[in-house]
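Let me begin by presenting the structure, written as structure tokens, before commenting on it.
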Amino acid sequence: MKVLQNELWFNDNFNIGTQERSSDLDKYSAKKEAERNLEKSKKDYELTKNKSYVKILEDCYIKDMDKLMMTYKALADIDPQLMNELD
């Protein structure tokens with residue numbers, strides 16, 4: 001079995017096991033699912049408050065726009081050289 005020098009270095013410096021990754025992925029997926037359920041519950045609660053439909057729609061729109069702007073701002077913070085590498 002021939003092992004490359006780079007592979008040894010990579011394994012020594014970046015301890016990434018496939019089992020660990022799948023376990024982390026499962027935890028991440030479960031966390032994301034819980035966050036989605038919580039967000040849905042919050043939205044359902046918002047809709048049951050005594051508000052007018054227009055106000056509810058406006059609140060939901062503002063929340064969605066805030067989330068979208070946060071995403072755009074996060075994308076703008078990514079190093080341009082890294083983006084060029086991905087192109």
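By order of appearance in the structure tokens: chains A, B, ..., then residues from 1 within every chain, and ligands from 1 in the order shown.
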
If you count only C-alpha atoms, which residues fall within 12 Å of segment 35-46 of chain A, apart from same-chain ones fewer than 2 positions away, as a count of residues only?
21

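Across the model, the gap from atom CA of Ser23 of chain A to atom CA of Asn11 of chain A is 18.5 Å.
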